Structure formats: C-alpha cells, structure tokens
$ cat entry-v3.csv   # CSV, C-alpha atoms
chain,number,residue,atom,x,y,z
A,1,MET,CA,0.0,0.0,0.0
A,2,ALA,CA,2.8,2.4,0.8
A,3,LEU,CA,4.4,1.7,-2.6
A,4,LEU,CA,1.1,2.6,-4.2
A,5,TYR,CA,0.8,5.9,-2.4
A,6,SER,CA,4.4,6.7,-3.4
A,7,LEU,CA,3.7,6.1,-7.0
A,8,LEU,CA,0.5,8.1,-6.9
A,9,TRP,CA,2.4,11.0,-5.3
A,10,ARG,CA,5.1,11.0,-7.9
A,11,PHE,CA,2.4,10.9,-10.6
A,12,LEU,CA,0.7,14.0,-9.2
A,13,LEU,CA,4.1,15.8,-9.0
A,14,PHE,CA,4.6,14.9,-12.6
A,15,LEU,CA,1.3,16.4,-13.6
A,16,VAL,CA,2.1,19.6,-11.7
A,17,HIS,CA,5.4,20.0,-13.6
A,18,VAL,CA,3.7,19.4,-16.9
A,19,LYS,CA,1.1,22.0,-16.1
A,20,ARG,CA,3.8,24.6,-15.2
A,21,ALA,CA,5.7,23.9,-18.3
A,22,ALA,CA,2.6,24.2,-20.5
A,23,VAL,CA,1.7,27.5,-18.8
A,24,SER,CA,5.2,28.9,-19.3
A,25,TRP,CA,5.2,27.9,-23.0
A,26,ILE,CA,1.9,29.5,-23.6
A,27,ARG,CA,3.0,32.8,-21.9
A,28,ILE,CA,6.2,32.9,-24.0
A,29,ARG,CA,4.3,32.3,-27.2
A,30,LEU,CA,1.8,35.0,-26.3
A,31,ARG,CA,4.6,37.5,-25.6
A,32,SER,CA,6.4,36.6,-28.8
A,33,TRP,CA,3.2,37.0,-30.8
A,34,ARG,CA,2.4,40.4,-29.2
A,35,GLY,CA,6.1,41.5,-29.6
A,36,ARG,CA,6.0,40.7,-33.3
A,37,LEU,CA,2.7,42.4,-33.8
A,38,TRP,CA,4.0,45.5,-32.0
A,39,GLU,CA,7.3,45.5,-34.0
A,40,ARG,CA,5.3,45.2,-37.3
A,41,THR,CA,3.1,48.1,-36.3
A,42,ILE,CA,6.1,50.4,-35.3
A,43,THR,CA,7.9,49.4,-38.5
A,44,ALA,CA,4.9,50.3,-40.6
A,45,LEU,CA,4.7,53.7,-38.9
A,46,LEU,CA,8.4,54.6,-39.0
A,47,LEU,CA,9.5,53.1,-42.3
A,48,PRO,CA,9.0,56.3,-44.4
A,49,VAL,CA,11.2,58.2,-41.9
A,50,SER,CA,13.9,55.6,-41.9
A,51,VAL,CA,14.1,55.5,-45.7
A,52,SER,CA,14.2,59.2,-46.0
A,53,GLU,CA,17.1,59.5,-43.4
A,54,PHE,CA,19.2,56.6,-44.9
A,55,PRO,CA,21.0,58.7,-47.6
A,56,ASN,CA,22.2,61.3,-45.1
A,57,TYR,CA,23.3,58.5,-42.7
A,58,GLN,CA,25.2,56.8,-45.5
A,59,LYS,CA,26.9,60.1,-46.5
A,60,LYS,CA,27.9,60.7,-42.9
A,61,ALA,CA,29.3,57.2,-42.5
A,62,THR,CA,31.4,57.7,-45.7
A,63,LEU,CA,32.8,61.0,-44.4
A,64,ASN,CA,33.7,59.4,-41.1
A,65,GLN,CA,35.5,56.6,-42.9
A,66,ASN,CA,37.4,59.1,-45.0
A,67,ASP,CA,38.4,61.1,-41.9
A,68,LYS,CA,39.8,57.9,-40.4
A,69,LEU,CA,41.9,57.2,-43.4
A,70,HIS,CA,43.0,60.8,-44.2
A,71,PRO,CA,42.8,62.9,-41.1
A,72,GLY,CA,44.6,65.8,-42.8
A,73,ASN,CA,42.0,66.1,-45.6
A,74,ARG,CA,39.3,67.2,-43.3
A,75,THR,CA,38.0,70.8,-43.8
A,76,GLY,CA,35.9,73.1,-41.7
A,77,SER,CA,36.6,75.0,-38.5
A,78,SER,CA,34.6,72.5,-36.3
A,79,GLN,CA,36.6,69.4,-37.4
A,80,SER,CA,39.8,68.2,-36.0
A,81,HIS,CA,43.3,68.7,-37.6
A,82,PRO,CA,46.6,67.2,-36.6
A,83,LEU,CA,48.1,70.6,-35.8
A,84,CYS,CA,45.1,71.5,-33.7
A,85,ASP,CA,45.3,68.1,-32.0
A,86,GLY,CA,48.9,68.9,-31.1
A,87,LYS,CA,48.0,72.3,-29.6
A,88,ALA,CA,45.3,70.7,-27.6
A,89,LEU,CA,47.7,68.4,-25.7
A,90,GLU,CA,49.1,69.6,-22.4
A,91,LYS,CA,52.6,68.7,-23.4
A,92,LEU,CA,53.9,67.6,-26.8
A,93,PRO,CA,57.2,65.7,-27.0
A,94,VAL,CA,60.0,67.6,-28.9
A,95,HIS,CA,61.6,64.3,-30.0
A,96,VAL,CA,59.7,61.1,-30.7
A,97,GLY,CA,61.4,57.8,-31.3
A,98,LEU,CA,59.7,55.1,-33.4
A,99,MET,CA,61.2,51.7,-32.3
A,100,VAL,CA,60.2,48.7,-34.3
A,101,ALA,CA,60.8,45.3,-32.6
A,102,GLU,CA,59.3,43.2,-35.3
A,103,GLU,CA,60.7,41.0,-38.0
A,104,GLU,CA,58.6,42.2,-41.0
A,105,LEU,CA,58.9,45.9,-41.5
A,106,SER,CA,56.4,48.1,-43.3
A,107,TYR,CA,57.8,51.3,-44.8
A,108,THR,CA,54.4,52.6,-45.6
A,109,ASP,CA,53.1,52.4,-42.0
A,110,ILE,CA,56.3,53.9,-40.6
A,111,ALA,CA,56.2,56.7,-43.1
A,112,SER,CA,52.6,57.4,-42.1
A,113,LEU,CA,53.7,57.7,-38.5
A,114,VAL,CA,56.5,60.0,-39.4
A,115,VAL,CA,54.1,62.2,-41.4
A,116,TRP,CA,51.7,62.4,-38.5
A,117,CYS,CA,54.5,63.4,-36.2
A,118,MET,CA,55.4,66.2,-38.6
A,119,ALA,CA,51.8,67.4,-38.9
A,120,ILE,CA,51.1,67.4,-35.2
A,121,GLY,CA,54.1,69.5,-34.4
A,122,VAL,CA,56.9,67.2,-33.3
A,123,SER,CA,60.3,68.7,-34.1
A,124,TYR,CA,62.5,65.5,-34.1
A,125,VAL,CA,61.6,62.0,-35.2
A,126,SER,CA,63.9,59.0,-34.9
A,127,VAL,CA,63.2,55.7,-36.7
A,128,TYR,CA,64.9,52.6,-35.3
A,129,ASP,CA,65.0,48.9,-35.8
A,130,ASN,CA,67.2,46.3,-34.2
A,131,ASN,CA,68.8,45.1,-37.5
A,132,GLY,CA,69.4,48.6,-39.0
A,133,VAL,CA,67.2,47.8,-42.0
A,134,PHE,CA,65.6,51.2,-42.2
A,135,GLN,CA,69.0,52.8,-42.0
A,136,LYS,CA,70.4,50.7,-44.8
A,137,ASN,CA,67.3,51.6,-47.0
A,138,SER,CA,66.9,55.2,-45.9
A,139,SER,CA,66.4,56.3,-49.5
A,140,HIS,CA,63.4,54.0,-49.8
A,141,LEU,CA,62.0,55.3,-46.5
A,142,GLN,CA,62.5,58.9,-47.8
A,143,GLU,CA,60.5,58.2,-50.9
A,144,GLU,CA,57.7,56.5,-48.9
A,145,ILE,CA,57.5,59.5,-46.5
A,146,MET,CA,57.1,61.9,-49.4
A,147,ARG,CA,54.4,59.6,-50.9
A,148,GLN,CA,52.5,59.3,-47.6
A,149,GLN,CA,52.9,63.0,-47.0
A,150,GLN,CA,51.1,63.7,-50.3
A,151,LYS,CA,48.5,61.0,-49.7
A,152,LEU,CA,47.6,61.8,-46.0
A,153,MET,CA,48.1,65.5,-45.7
A,154,GLY,CA,47.4,66.7,-49.3
A,155,ALA,CA,49.3,69.2,-51.3
A,156,ASP,CA,50.6,72.4,-49.6
A,157,GLU,CA,51.7,75.5,-51.4
A,158,SER,CA,54.3,76.4,-48.8
A,159,LYS,CA,56.9,73.7,-48.6
A,160,HIS,CA,59.7,73.5,-46.1
A,161,ASN,CA,63.0,71.5,-46.1
A,162,MET,CA,63.1,68.5,-43.9
A,163,GLU,CA,66.5,67.3,-42.9
A,164,LEU,CA,67.2,63.6,-43.0
A,165,LEU,CA,70.3,62.8,-40.9
A,166,ASN,CA,71.8,59.5,-42.0
A,167,THR,CA,74.3,58.4,-39.5
A,168,SER,CA,75.6,55.6,-41.6
A,169,ARG,CA,77.3,58.1,-43.9
A,170,ASP,CA,79.2,61.3,-43.2
A,171,GLN,CA,76.7,63.5,-45.1
A,172,GLN,CA,73.3,65.0,-44.7
A,173,GLN,CA,70.5,64.4,-47.1
A,174,HIS,CA,67.8,66.9,-47.7
A,175,PHE,CA,64.4,66.4,-49.4
A,176,VAL,CA,61.3,68.6,-49.6
A,177,VAL,CA,58.1,67.8,-47.7
A,178,SER,CA,55.5,70.0,-46.1
A,179,CYS,CA,57.0,70.1,-42.7
A,180,ARG,CA,59.9,71.4,-40.6
A,181,PRO,CA,61.1,68.6,-38.4
A,182,THR,CA,64.3,66.6,-38.5
A,183,LEU,CA,64.3,62.9,-39.2
A,184,LYS,CA,67.1,60.6,-38.0
A,185,VAL,CA,67.3,56.9,-39.0
A,186,LEU,CA,69.1,54.9,-36.3
A,187,SER,CA,70.5,51.4,-35.7
A,188,PRO,CA,72.1,49.7,-32.7
A,189,GLU,CA,75.5,50.8,-33.9
A,190,ASP,CA,74.6,54.5,-33.3
A,191,GLY,CA,74.3,54.1,-29.6
A,192,LYS,CA,77.4,52.0,-29.2
A,193,HIS,CA,79.5,54.0,-31.7
A,194,SER,CA,78.7,57.3,-30.1
A,195,ILE,CA,79.8,56.0,-26.7
A,196,VAL,CA,83.0,54.5,-28.2
A,197,GLN,CA,83.8,57.8,-30.0
A,198,ALA,CA,83.3,59.9,-26.9
A,199,ALA,CA,85.5,57.5,-24.8
A,200,ARG,CA,88.3,57.7,-27.5
A,201,LYS,CA,88.1,61.4,-27.5
A,202,LEU,CA,88.5,61.6,-23.7
A,203,CYS,CA,91.4,59.1,-23.9
A,204,HIS,CA,93.2,61.2,-26.5
A,205,SER,CA,92.7,64.3,-24.5
A,206,VAL,CA,94.3,62.6,-21.5
A,207,GLU,CA,97.1,61.2,-23.7
A,208,ASN,CA,97.9,64.6,-25.2
A,209,LYS,CA,97.8,66.1,-21.7
A,210,GLU,CA,94.9,68.3,-22.6
A,211,LYS,CA,93.0,66.9,-19.6
A,212,SER,CA,93.8,65.0,-16.5
A,213,SER,CA,92.2,61.6,-15.7
A,214,LYS,CA,90.8,63.3,-12.6
A,215,ASP,CA,89.0,65.8,-14.8
A,216,ILE,CA,86.9,63.0,-16.5
A,217,SER,CA,83.4,62.9,-15.2
A,218,VAL,CA,80.0,61.7,-16.2
A,219,SER,CA,78.9,65.2,-17.1
A,220,MET,CA,81.9,65.6,-19.4
A,221,LEU,CA,81.0,62.3,-21.2
A,222,ASP,CA,77.4,63.5,-21.4
A,223,ASP,CA,78.4,66.7,-23.1
A,224,LEU,CA,80.5,64.8,-25.6
A,225,LEU,CA,77.7,62.4,-26.4
A,226,ARG,CA,75.2,65.3,-27.0
A,227,GLU,CA,77.6,67.1,-29.3
A,228,SER,CA,77.8,64.0,-31.5
A,229,LYS,CA,74.0,63.7,-31.8
A,230,ASN,CA,73.0,67.3,-32.3
A,231,ILE,CA,69.5,66.4,-31.3
A,232,PRO,CA,67.7,66.5,-27.9
A,233,ASP,CA,67.0,63.3,-26.0
A,234,PRO,CA,63.8,61.6,-26.9
A,235,GLU,CA,61.0,62.4,-24.5
A,236,LEU,CA,58.8,59.6,-25.9
A,237,VAL,CA,59.6,56.3,-27.6
A,238,VAL,CA,56.8,54.4,-29.2
A,239,LYS,CA,57.7,50.7,-29.2
A,240,PHE,CA,56.0,48.4,-31.7
A,241,GLY,CA,56.1,44.6,-31.1
A,242,PRO,CA,55.9,42.0,-28.4
A,243,VAL,CA,59.5,42.3,-27.2
A,244,ASN,CA,59.9,44.0,-23.8
A,245,SER,CA,63.3,45.5,-24.4
A,246,THR,CA,64.9,48.8,-25.6
A,247,LEU,CA,67.0,46.8,-28.1
A,248,GLY,CA,69.9,49.1,-27.8
A,249,PHE,CA,68.1,52.3,-28.7
A,250,LEU,CA,70.4,55.1,-27.7
A,251,PRO,CA,71.2,53.7,-24.3
A,252,TRP,CA,72.8,57.0,-23.0
A,253,HIS,CA,69.9,59.2,-24.1
A,254,ILE,CA,66.8,57.4,-22.7
A,255,ARG,CA,67.3,57.9,-19.0
A,256,LEU,CA,64.2,60.1,-18.7
A,257,THR,CA,62.4,58.8,-21.8
A,258,GLU,CA,58.8,57.6,-21.6
A,259,PHE,CA,58.2,54.3,-23.4
A,260,ILE,CA,54.7,53.4,-24.7
A,261,SER,CA,54.1,50.1,-26.4
A,262,LEU,CA,51.7,49.2,-29.2
A,263,PRO,CA,51.3,45.6,-30.5
A,264,SER,CA,52.5,46.3,-34.0
A,265,HIS,CA,53.5,49.2,-36.3
A,266,ARG,CA,51.2,47.8,-39.1
A,267,ASN,CA,47.8,49.3,-39.7
A,268,VAL,CA,48.2,51.9,-36.9
A,269,SER,CA,45.5,54.5,-37.3
A,270,TYR,CA,45.8,58.2,-36.6
A,271,LYS,CA,43.4,57.7,-33.7
A,272,ASP,CA,45.8,55.1,-32.2
A,273,PHE,CA,48.8,57.5,-32.7
A,274,LEU,CA,46.9,60.4,-31.1
A,275,GLY,CA,46.0,58.2,-28.2
A,276,VAL,CA,49.7,57.5,-27.5
A,277,LEU,CA,50.4,61.2,-27.5
A,278,GLN,CA,47.5,61.8,-25.1
A,279,ARG,CA,48.8,59.1,-22.8
A,280,TYR,CA,52.2,60.8,-22.8
A,281,SER,CA,50.6,64.2,-22.2
A,282,SER,CA,48.7,63.0,-19.2
A,283,CYS,CA,51.6,61.1,-17.6
A,284,GLN,CA,53.5,62.6,-14.7
A,285,GLN,CA,57.3,62.2,-14.8
A,286,ARG,CA,58.7,62.5,-11.3
A,287,LEU,CA,62.3,62.4,-12.5
A,288,GLY,CA,63.5,60.4,-9.5
A,289,GLN,CA,61.6,62.3,-6.9

$ encode --input "entry-v3.csv" --output "structure tokens"
Amino acid sequence: MALLYSLLWRFLLFLVHVKRAAVSWIRIRLRSWRGRLWERTITALLLPVSVSEFPNYQKKATLNQNDKLHPGNRTGSSQSHPLCDGKALEKLPVHVGLMVAEEELSYTDIASLVVWCMAIGVSYVSVYDNNGVFQKNSSHLQEEIMRQQQKLMGADESKHNMELLNTSRDQQQHFVVSCRPTLKVLSPEDGKHSIVQAARKLCHSVENKEKSSKDISVSMLDDLLRESKNIPDPELVVKFGPVNSTLGFLPWHIRLTEFISLPSHRNVSYKDFLGVLQRYSSCQQRLGQ
C-alpha cells in the first residue's frame, strides 16, 4: 500500500510540472506574438522616416571613414586637424622615437607615423629597428615618406625643407616635404658607436695632456655624447612589437624617456597614434623624486 501511495504522489508531482511547463510555454508564445505584432506596427509607422534618413546617414558614414583614413584632408573649422590636436595636448614631445621590434617591416606604415609626427608639431623624429634595415634603406624610406605626406596630408603651397640625418654616412640628405622637423634613422651601432667615440676622445685628450684623468666625469662624457648627436634626448619612444626591451636604442639618451608600447606598427590608425600622445601628455614624470 505504501508503494502505491508513493507512485501516486510521484504521478501527481509529474502532472504539476507538466502544467507549469505548459503555462510557461503559452506565456512565451503570447509574448512573442504580441512583440512581433508590436514591431510590425512600429515598422509600418516609422519606415518612411527611416528610408528618408538613410542617404544622409550613409553620407555621414562615408565621411567618417574618409576622416579615419585621411585625417589631414578634413576641412571646416569645427573638425579636427593634426596641428590643432597637437596644440590641444598639455605637453607635446619635442623628440619622438619610433622603435620597431618586429621581423617584418612596413615602410608605408612607418612613413605614415613620421608624417603624423610632422603634422602634429613634433620637431625631431627617430626611426629605429634592431637590425638597421631602415638605416640601410633610408632612401626607400625617404621616398615613402614623401608619398605618404602627399596622400595623407594633401598638397601644400608652402613647402619646407626637412632634414634627413643618415648616421651611416658622413653626409646630410635633404628632401622637400610639407613640414619642418628633423628625421634621424638609427640602428644599434649608433648608440654603441657614439659612446666609443666619446671614450676615445677623452682618452686622446688625456694622452695629449689636454686633460687629466681626474677631470673626466659623467657630465663631461654626457656633453661629448650630446655634441655627437646634435638632437635632444627623446621624451617619448613608441615601441612596436611584443619584445619588452629597448633593443639598444640610444642607451645613454633614454634615462628620462617615456616608453609606450603598441602591438604592431602595421595598420596603426591616426586615432591610435593620437591616443599614444594623449597618454604621454597625461603622464606625470617624477624624475627620480
């Protein structure tokens, strides 16, 4: 008898669960039917407005896409411009280093970054890779910078000389672009070579009795190294790639440099580049305090 009562109780519980499931299913179907009916009613009422606004929306989307690709081609006083973006920053680095820590190099993407540095108001730009490929092919980089300057910033009636300092040769190359900064193409040898040259100069001065060994100090070596570079220390170095290392980038000149990393130098947008400058502008350098 107890077994019979147990089976009857389980059967009643089963009926209760079936009833609840059926009620839930009916409610869901009613809500779905009412929702579809409401959506169809709203669509029928608002369809003429949506169709009439679609061309303007498509035009605005196209303009936004063009602005992303060519930030310098935007016109109008209310729209942003690289030079205005630079003035809007609390602090703008005088010298920006572009350090590529990747195997495959893109001259086009690096040239775009250099052009954006020029347009935003950076005075000195250094391009560096661990193998010295950019320095060996500086003429190719020069041509790509001119091409990207024309493509991204458009033609400008007033053109200024930009100085390309090629440290692999004892000469300076000049080419015309619409900007005023100085570009320097670096390799690991530049950092080592400058330190070696300064050390030799100090040794020769001691050997020739122009200076005493007691006169040699860190500040004296620092002065010699800065004379050899003729450019200020980089305030900001943008590192591209997964390697967490400075890779020999001017070891003497980066004591107070701010490093900001990006995953890759390929397909970097102007918005990404401006974001890096905004991060630098907002950071507080305590300088050892």

$ residues_near_point --input "entry-v3.csv" --point "(69.1, 50.2, -46.0)" --cutoff "12 Å" --atoms "only C-alpha atoms" --output "list in words"
Leu105, Tyr107, Tyr128, Asp129, Asn131, Gly132, Val133, Phe134, Gln135, Lys136, Asn137, Ser138, Ser139, His140, Leu141, Gln142, Asn166, Thr167, Ser168, Arg169, Val185, Leu186 and Ser187 of chain A

$ residues_around --input "entry-v3.csv" --residues "Leu98 (chain A)" --least-positions-apart "5" --cutoff "6 Å" --atoms "all atoms listed in the file" --output "list in words"
Ser126, Val127, Val237 and Val238 of chain A

$ residues_around --input "entry-v3.csv" --residues "Lys91 (chain A)" --least-positions-apart "2" --cutoff "9 Å" --atoms "all atoms listed in the file" --output "NGL selection string"
:A and (86-89 or 93 or 277-278 or 280-282)

$ residues_around --input "entry-v3.csv" --residues "Glu189 (chain A)" --least-positions-apart "4" --cutoff "9 Å" --atoms "only C-alpha atoms" --output "list in words"
Gly132, His193, Ser194 and Gly248 of chain A

$ write_last_selection --input "entry-v3.csv" --atoms "C-alpha atoms" --output "short mmCIF file (atom, residue, chain, number, x, y, z; two decimals), in the frame of the given file"
data_model
loop_
_atom_site.label_atom_id
_atom_site.label_comp_id
_atom_site.auth_asym_id
_atom_site.auth_seq_id
_atom_site.Cartn_x
_atom_site.Cartn_y
_atom_site.Cartn_z
CA GLY A 132 69.40 48.60 -39.00
CA HIS A 193 79.50 54.00 -31.70
CA SER A 194 78.70 57.30 -30.10
CA GLY A 248 69.90 49.10 -27.80
#

$ atom_distance --input "entry-v3.csv" --atom1 "CA of Lys211 (chain A)" --atom2 "CA of Ile195 (chain A)"
18.5 Å

$ atom_distance --input "entry-v3.csv" --atom1 "CA of Lys192 (chain A)" --atom2 "CA of Glu102 (chain A)"
21.0 Å

$ residues_around --input "entry-v3.csv" --residues "region 213-222 of chain A" --least-positions-apart "3" --cutoff "12 Å" --atoms "only C-alpha atoms" --output "PyMOL selection string"
chain A and resi 194-210+225-229+233+251-253+255

$ closest_residue --input "entry-v3.csv" --among "A:Ala119, A:Val276, A:Asn130, A:Pro263" --to "Gln148 (chain A)" --atoms "only C-alpha atoms"
A:Ala119

$ closest_residue --input "entry-v3.csv" --among "A:Ser269, A:Thr257, A:Ser112, A:Ser123" --to "Leu236 (chain A)" --atoms "all atoms listed in the file"
A:Thr257

$ atom_distance --input "entry-v3.csv" --atom1 "CA of Tyr5 (chain A)" --atom2 "CA of Ser24 (chain A)"
28.9 Å
